[in-house]
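Below is the file query28.cif, which contains mmCIF, C-alpha atoms and all ligand atoms.
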```cif
data_model
#
loop_
_atom_site.label_atom_id
_atom_site.label_comp_id
_atom_site.auth_asym_id
_atom_site.auth_seq_id
_atom_site.Cartn_x
_atom_site.Cartn_y
_atom_site.Cartn_z
CA MET A 1 86.73 109.42 104.42
CA HIS A 2 90.19 110.54 103.38
CA ALA A 3 89.40 114.10 104.20
CA ASP A 4 91.10 116.57 106.42
CA SER A 5 88.97 119.52 107.45
CA TYR A 6 89.02 122.86 109.20
CA ARG A 7 87.58 121.13 112.28
CA HIS A 8 90.31 118.47 112.30
CA ARG A 9 93.01 121.11 111.98
CA GLY A 10 91.49 122.91 114.94
CA LEU A 11 91.50 119.72 117.01
CA ARG A 12 95.18 119.21 116.10
CA ARG A 13 96.06 122.73 117.22
CA THR A 14 94.43 122.02 120.58
CA LEU A 15 96.33 118.72 120.86
CA VAL A 16 99.62 120.45 120.03
CA ALA A 17 98.95 123.08 122.73
CA GLU A 18 98.41 120.20 125.19
CA LEU A 19 101.71 118.55 124.16
CA ARG A 20 103.48 121.88 124.65
CA ARG A 21 102.04 122.13 128.17
CA LYS A 22 103.28 118.58 128.84
CA GLY A 23 106.83 119.65 127.99
CA ILE A 24 107.38 119.03 124.27
CA HIS A 25 109.38 122.05 123.08
CA ASP A 26 110.95 121.19 119.70
CA GLU A 27 109.05 123.42 117.25
CA ARG A 28 109.77 121.12 114.29
CA VAL A 29 108.20 118.21 116.15
CA LEU A 30 105.16 120.25 117.19
CA ALA A 31 104.74 121.46 113.59
CA ALA A 32 104.90 117.87 112.32
CA LEU A 33 102.16 116.78 114.75
CA ALA A 34 100.09 119.81 113.73
CA THR A 35 100.41 118.71 110.08
CA VAL A 36 99.75 114.95 110.10
CA PRO A 37 96.01 114.08 110.07
CA ARG A 38 96.05 111.46 112.86
CA HIS A 39 92.35 110.66 112.35
CA LEU A 40 93.15 109.16 108.94
CA PHE A 41 95.20 106.48 110.73
CA PHE A 42 92.05 105.28 112.52
CA GLU A 43 89.19 103.20 111.14
CA SER A 44 86.39 105.65 110.33
CA ALA A 45 84.16 104.50 113.23
CA PHE A 46 86.85 105.55 115.73
CA GLN A 47 88.09 108.78 114.19
CA GLU A 48 86.53 110.83 117.00
CA HIS A 49 89.25 109.44 119.31
CA ALA A 50 92.13 110.64 117.18
CA TYR A 51 92.83 113.97 118.85
CA GLN A 52 92.84 112.84 122.45
CA ASP A 53 96.30 112.33 123.90
CA LYS A 54 95.79 108.57 124.16
CA ALA A 55 97.01 105.33 122.61
CA PHE A 56 94.32 103.42 120.69
CA PRO A 57 93.90 99.80 119.41
CA ILE A 58 94.69 99.30 115.71
CA GLY A 59 94.02 95.53 115.51
CA GLU A 60 96.28 92.48 115.86
CA GLY A 61 96.65 93.33 119.55
CA GLN A 62 98.66 96.47 118.69
CA THR A 63 98.15 100.18 119.32
CA ILE A 64 98.83 103.51 117.69
CA SER A 65 101.13 105.25 120.21
CA GLN A 66 99.87 108.16 122.30
CA PRO A 67 100.63 111.53 120.63
CA TYR A 68 102.77 112.53 123.64
CA THR A 69 104.86 109.39 123.19
CA VAL A 70 105.27 110.00 119.45
CA ALA A 71 106.31 113.61 120.12
CA TYR A 72 108.65 112.58 122.96
CA GLN A 73 110.47 109.94 120.91
CA THR A 74 110.68 112.20 117.85
CA GLN A 75 112.11 115.02 119.97
CA LEU A 76 114.78 112.69 121.41
CA LEU A 77 115.74 111.60 117.88
CA ASP A 78 116.60 115.21 116.98
CA LEU A 79 116.40 114.44 113.25
CA GLY A 80 118.40 116.52 110.79
CA ARG A 81 116.73 117.42 107.48
CA GLN A 82 118.57 114.84 105.40
CA GLU A 83 119.16 112.14 107.99
CA ARG A 84 118.28 108.51 107.30
CA VAL A 85 116.03 107.11 109.99
CA LEU A 86 114.83 103.55 110.66
CA GLU A 87 111.62 103.00 112.60
CA VAL A 88 111.05 99.53 114.10
CA GLY A 89 107.27 98.93 114.47
CA THR A 90 105.36 100.70 111.66
CA GLY A 91 101.99 99.84 113.25
CA SER A 92 99.43 102.29 111.88
CA GLY A 93 102.08 104.29 109.99
CA TYR A 94 101.35 107.44 112.02
CA GLN A 95 104.80 107.83 113.60
CA CYS A 96 106.31 107.07 110.20
CA CYS A 97 104.30 109.91 108.68
CA VAL A 98 105.46 112.27 111.46
CA LEU A 99 109.09 111.34 110.68
CA LEU A 100 108.48 112.07 106.98
CA GLN A 101 107.67 115.68 107.86
CA LEU A 102 111.23 116.01 109.19
CA THR A 103 113.29 114.07 106.63
CA PRO A 104 112.50 112.37 103.30
CA GLN A 105 114.67 109.35 104.19
CA VAL A 106 112.39 107.20 106.35
CA TYR A 107 112.67 103.39 106.54
CA SER A 108 110.11 101.54 108.62
CA ILE A 109 109.67 97.84 109.34
CA GLU A 110 106.61 96.01 110.71
CA TYR A 111 106.46 92.41 111.92
CA GLN A 112 102.77 91.71 111.30
CA PRO A 113 101.81 91.35 107.62
CA VAL A 114 98.24 92.61 108.16
CA LEU A 115 99.47 95.85 109.74
CA PHE A 116 102.24 96.23 107.15
CA GLU A 117 99.70 95.97 104.27
CA ARG A 118 97.32 98.43 105.90
CA ALA A 119 100.04 101.00 106.67
CA HIS A 120 101.40 100.61 103.14
CA ARG A 121 97.99 101.39 101.59
CA ARG A 122 97.31 104.22 103.97
CA LEU A 123 100.63 106.01 103.46
CA ALA A 124 100.29 105.59 99.67
CA SER A 125 96.82 107.13 99.73
CA LEU A 126 98.29 110.10 101.64
CA HIS A 127 101.12 110.35 99.06
CA GLN A 128 103.72 109.70 101.75
CA ALA A 129 106.79 108.00 100.31
CA ALA A 130 108.42 105.94 103.06
CA HIS A 131 110.48 102.79 102.47
CA LEU A 132 108.30 100.13 104.13
CA PHE A 133 109.36 96.58 104.96
CA CYS A 134 107.68 93.55 106.52
CA GLY A 135 109.84 91.42 108.82
CA ASP A 136 111.64 91.18 112.14
CA GLY A 137 112.86 94.71 112.86
CA SER A 138 114.54 93.69 116.12
CA LEU A 139 117.39 92.73 113.77
CA GLY A 140 117.21 96.09 112.01
CA LEU A 141 117.55 96.42 108.25
CA PRO A 142 121.15 95.36 107.54
CA ASP A 143 120.86 95.81 103.75
CA HIS A 144 120.05 99.50 104.20
CA ALA A 145 122.36 100.34 107.14
CA PRO A 146 123.97 102.49 108.37
CA PHE A 147 121.30 104.84 109.71
CA ASP A 148 121.74 108.22 111.35
CA LYS A 149 118.92 107.44 113.74
CA ILE A 150 116.95 104.36 114.79
CA LEU A 151 113.62 104.54 116.62
CA VAL A 152 112.01 101.51 118.27
CA THR A 153 108.28 101.91 118.98
CA ALA A 154 107.78 98.69 120.98
CA GLY A 155 109.08 97.75 124.45
CA SER A 156 112.35 95.82 124.38
CA PRO A 157 113.87 93.55 127.08
CA ASN A 158 117.32 94.99 126.28
CA ILE A 159 119.28 97.11 123.81
CA PRO A 160 119.73 94.95 120.68
CA ARG A 161 123.39 94.95 119.61
CA THR A 162 122.41 94.43 116.00
CA LEU A 163 120.64 97.80 116.05
CA LEU A 164 123.62 99.58 117.64
CA HIS A 165 125.87 98.26 114.90
CA GLN A 166 123.56 99.65 112.21
CA LEU A 167 124.13 103.21 113.49
CA ARG A 168 126.71 105.40 111.85
CA VAL A 169 129.26 107.00 114.20
CA GLY A 170 127.52 110.01 115.75
CA GLY A 171 124.10 108.41 115.26
CA ALA A 172 121.56 107.54 117.96
CA LEU A 173 119.09 104.81 118.92
CA VAL A 174 115.92 105.74 120.84
CA ILE A 175 114.33 102.70 122.48
CA PRO A 176 112.02 101.89 125.43
CA VAL A 177 113.70 99.20 127.57
CA GLY A 178 112.17 97.26 130.46
CA ASP A 179 109.85 94.38 131.31
CA ALA A 180 106.49 93.57 129.73
CA GLN A 181 104.65 96.15 131.89
CA VAL A 182 106.79 99.27 131.97
CA GLN A 183 109.84 100.56 130.14
CA ARG A 184 112.27 103.47 130.43
CA MET A 185 113.03 105.53 127.37
CA MET A 186 116.72 105.30 126.51
CA ARG A 187 118.92 107.07 124.00
CA VAL A 188 122.18 105.41 122.98
CA VAL A 189 124.68 107.45 120.94
CA ARG A 190 127.42 105.75 118.90
CA GLU A 191 130.42 107.85 119.94
CA SER A 192 132.96 105.86 117.87
CA GLU A 193 133.20 102.50 116.10
CA SER A 194 133.30 100.72 119.46
CA GLU A 195 132.04 103.23 122.06
CA PHE A 196 128.45 104.00 122.99
CA SER A 197 127.03 106.40 125.57
CA ARG A 198 123.57 106.14 127.03
CA GLU A 199 120.99 108.35 128.65
CA VAL A 200 117.85 107.28 130.52
CA PHE A 201 114.56 109.21 130.41
CA GLU A 202 110.91 108.83 131.51
CA GLU A 203 108.82 105.68 131.95
CA PHE A 204 106.37 104.54 129.27
CA ARG A 205 104.14 101.56 128.50
CA PHE A 206 104.61 100.02 125.07
CA VAL A 207 103.38 96.80 123.48
CA PRO A 208 106.22 94.22 123.44
CA LEU A 209 108.96 94.13 120.81
CA LEU A 210 108.69 90.67 119.22
CA GLY A 211 111.33 88.85 117.20
CA LYS A 212 114.82 87.46 117.76
CA ALA A 213 116.29 90.40 119.68
CA GLY A 214 112.93 91.09 121.38
CA TRP A 215 110.75 88.93 123.62
CA GLN A 216 110.94 85.84 121.40
CA GLY A 217 114.73 85.68 121.27
N1 LIG A 301 104.79 103.40 115.51
C1 LIG A 301 103.47 102.80 115.57
C2 LIG A 301 103.23 102.19 116.94
C3 LIG A 301 102.87 100.76 116.80
S1 LIG A 301 102.90 99.76 118.24
C4 LIG A 301 102.39 103.78 115.19
O1 LIG A 301 102.68 104.97 115.01
O2 LIG A 301 101.23 103.38 115.03
C5 LIG A 301 104.34 98.77 117.94
C6 LIG A 301 104.38 98.01 116.64
O3 LIG A 301 105.60 97.26 116.63
C7 LIG A 301 103.26 96.99 116.43
O4 LIG A 301 102.63 97.25 115.21
C8 LIG A 301 103.99 95.65 116.40
O5 LIG A 301 103.40 94.71 115.52
C9 LIG A 301 105.37 96.07 115.94
N2 LIG A 301 106.46 95.14 116.26
C10 LIG A 301 106.65 94.40 117.37
N3 LIG A 301 107.80 93.70 117.29
C11 LIG A 301 108.37 93.99 116.08
C12 LIG A 301 109.55 93.57 115.40
N4 LIG A 301 110.41 92.70 115.94
N5 LIG A 301 109.79 94.08 114.17
C13 LIG A 301 108.94 94.97 113.60
N6 LIG A 301 107.80 95.41 114.18
C14 LIG A 301 107.51 94.93 115.43
#
```

What does this structure look like when you write it as structure tokens?
Ligand code: SAH
Amino acid sequence: MHADSYRHRGLRRTLVAELRRKGIHDERVLAALATVPRHLFFESAFQEHAYQDKAFPIGEGQTISQPYTVAYQTQLLDLGRQERVLEVGTGSGYQCCVLLQLTPQVYSIEYQPVLFERAHRRLASLHQAAHLFCGDGSLGLPDHAPFDKILVTAGSPNIPRTLLHQLRVGGALVIPVGDAQVQRMMRVVRESESEFSREVFEEFRFVPLLGKAGWQG
């Protein structure tokens, strides 16, 4: 079951060509998506769905993000080779694994214990060494801050201040912000200790960010 194959690599190449046509242009990001075996983040009965450009249920009412969304967010992050990145919403662990292709310093936090355990086992079996945590990531990971980059993979009602203050100066937060139905991708750069600039990008549909700074706050 934990096998990659010539056929899977071929399917990934086709998927990457599709992402390129849809506007993803960062070669490092495309190479990362060509490397990570997305089918191994699915239960075996559903592996056939892994190389369509679609989100898919992973249990607990959550989804593995669409490959386009993963590529889009990763491209906006513009990760340097040694940058420390925090992902909020580990989910399946797929996005986390994509980040690990770009930097060894990946921290990821998941709210739901069942998903945390599963992602932990899966990444270990793939020999992927991320720093995984279980808890409310809407508050970030204060003990491990500051981060160069923070990526939120669930839809947030606003831009959590706690996350902004865990960025180092020059660092950036990528986060979908909106209501429960639709969100706009935003990138907030920490220009100085007290100044932030923000850019607004395309619309997406994410599952809701839970927790204190999310929809339960
Ligand atoms: N990056 C994931 C996408 C998962 S969907 C992947 O590649 O598969 C979003 C995830 O965010 C869900 O697993 C959900 O449980 C989690 N989540 C929601 N609110 C959270 C919070 N406050 N802290 C941490 N994780 C959260």

Can you work out which residues are within 6 Å of ligand LIG 301 (chain A), considering only C-alpha atoms and all ligand atoms, and then hand them over as a ChimeraX atom specification?
/A:62-65,88-95,109-112,135-138,153-154,207,209-211

Interatomic distance (Å, one decimal) between CA of Gly178 (chain A) and CA of Pro208 (chain A):
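Here the two named atoms are 9.7 Å from each other.
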
What would the list of residues within 12 Å of (100.1, 109.9, 99.9) (file frame) look like as a PyMOL selection string, if all atoms listed in the file are what count?
chain A and resi 2+36-37+40+93+97+100+119-130

May I have the residues within 12 Å of Ala17 (chain A) as a PyMOL selection string, using only C-alpha atoms and disregarding those fewer than 4 positions away in the same chain?
chain A and resi 10-13+21-25+27+30-31+33-34+51-53+67-68

Output as lines of an AutoDock Vina configuration file the centre and edge lengths (Å, one decimal) of the box along x, y and z of the file that holds every listed atom of region 37-53 of chain A after adding 5 Å on each side.
```
center_x = 90.2
center_y = 108.6
center_z = 116.4
size_x = 22.1
size_y = 20.9
size_z = 25.0
```

So that I can check the surroundings of Val29 (chain A), please list as a VMD selection string every protein, DNA and RNA residue that reaches within 10 Å of it, counting all atoms listed in the file and ignoring chain neighbours fewer than 2 positions away.
chain A and resid 16 24 to 27 31 to 35 70 to 75 78 to 79 98 to 99 101 to 102

Which of these, A:Gln216, A:Gln66, A:Thr103, A:Gln181, has the shortest distance to Arg81 (chain A) once you count only C-alpha atoms?
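Closest to Arg81 (chain A) of all the choices is A:Thr103.
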
Report, in Å to a single decimal, how far apart CA of Ser197 (chain A) and CA of His165 (chain A) are.
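These two atoms are separated by 13.5 Å.
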
Would you kindly place N, CA and C atoms on region 156-175 of chain A and return the model as a short mmCIF file (atom, residue, chain, number, x, y, z; two decimals), keeping the file's coordinate frame?
```
data_model
loop_
_atom_site.label_atom_id
_atom_site.label_comp_id
_atom_site.auth_asym_id
_atom_site.auth_seq_id
_atom_site.Cartn_x
_atom_site.Cartn_y
_atom_site.Cartn_z
N SER A 156 111.32 96.84 124.58
CA SER A 156 112.35 95.82 124.38
C SER A 156 112.93 95.35 125.72
N PRO A 157 113.26 94.04 125.84
CA PRO A 157 113.87 93.55 127.08
C PRO A 157 115.30 94.05 127.26
N ASN A 158 115.93 94.51 126.19
CA ASN A 158 117.32 94.99 126.28
C ASN A 158 117.63 95.87 125.07
N ILE A 159 118.89 96.29 124.96
CA ILE A 159 119.28 97.11 123.81
C ILE A 159 119.90 96.19 122.76
N PRO A 160 119.19 95.91 121.65
CA PRO A 160 119.73 94.95 120.68
C PRO A 160 121.04 95.44 120.04
N ARG A 161 122.07 94.61 120.17
CA ARG A 161 123.39 94.95 119.61
C ARG A 161 123.33 95.16 118.10
N THR A 162 122.52 94.32 117.46
CA THR A 162 122.41 94.43 116.00
C THR A 162 121.98 95.84 115.59
N LEU A 163 121.09 96.44 116.39
CA LEU A 163 120.64 97.80 116.05
C LEU A 163 121.77 98.80 116.26
N LEU A 164 122.52 98.65 117.37
CA LEU A 164 123.62 99.58 117.64
C LEU A 164 124.63 99.56 116.50
N HIS A 165 124.86 98.37 115.95
CA HIS A 165 125.87 98.26 114.90
C HIS A 165 125.36 98.72 113.53
N GLN A 166 124.08 99.07 113.45
CA GLN A 166 123.56 99.65 112.21
C GLN A 166 123.48 101.17 112.28
N LEU A 167 124.05 101.74 113.38
CA LEU A 167 124.13 103.21 113.49
C LEU A 167 125.45 103.68 112.90
N ARG A 168 125.43 104.83 112.24
CA ARG A 168 126.71 105.40 111.85
C ARG A 168 127.31 106.09 113.09
N VAL A 169 128.62 106.32 113.07
CA VAL A 169 129.26 107.00 114.20
C VAL A 169 128.64 108.40 114.32
N GLY A 170 128.22 108.76 115.53
CA GLY A 170 127.52 110.01 115.75
C GLY A 170 126.00 109.84 115.75
N GLY A 171 125.54 108.68 115.33
CA GLY A 171 124.10 108.41 115.26
C GLY A 171 123.53 107.96 116.60
N ALA A 172 122.20 107.86 116.68
CA ALA A 172 121.56 107.54 117.96
C ALA A 172 120.39 106.58 117.79
N LEU A 173 120.23 105.73 118.82
CA LEU A 173 119.09 104.81 118.92
C LEU A 173 118.19 105.28 120.06
N VAL A 174 116.89 105.42 119.79
CA VAL A 174 115.92 105.74 120.84
C VAL A 174 115.04 104.51 121.02
N ILE A 175 115.00 103.99 122.26
CA ILE A 175 114.33 102.70 122.48
C ILE A 175 113.80 102.61 123.91
#
```
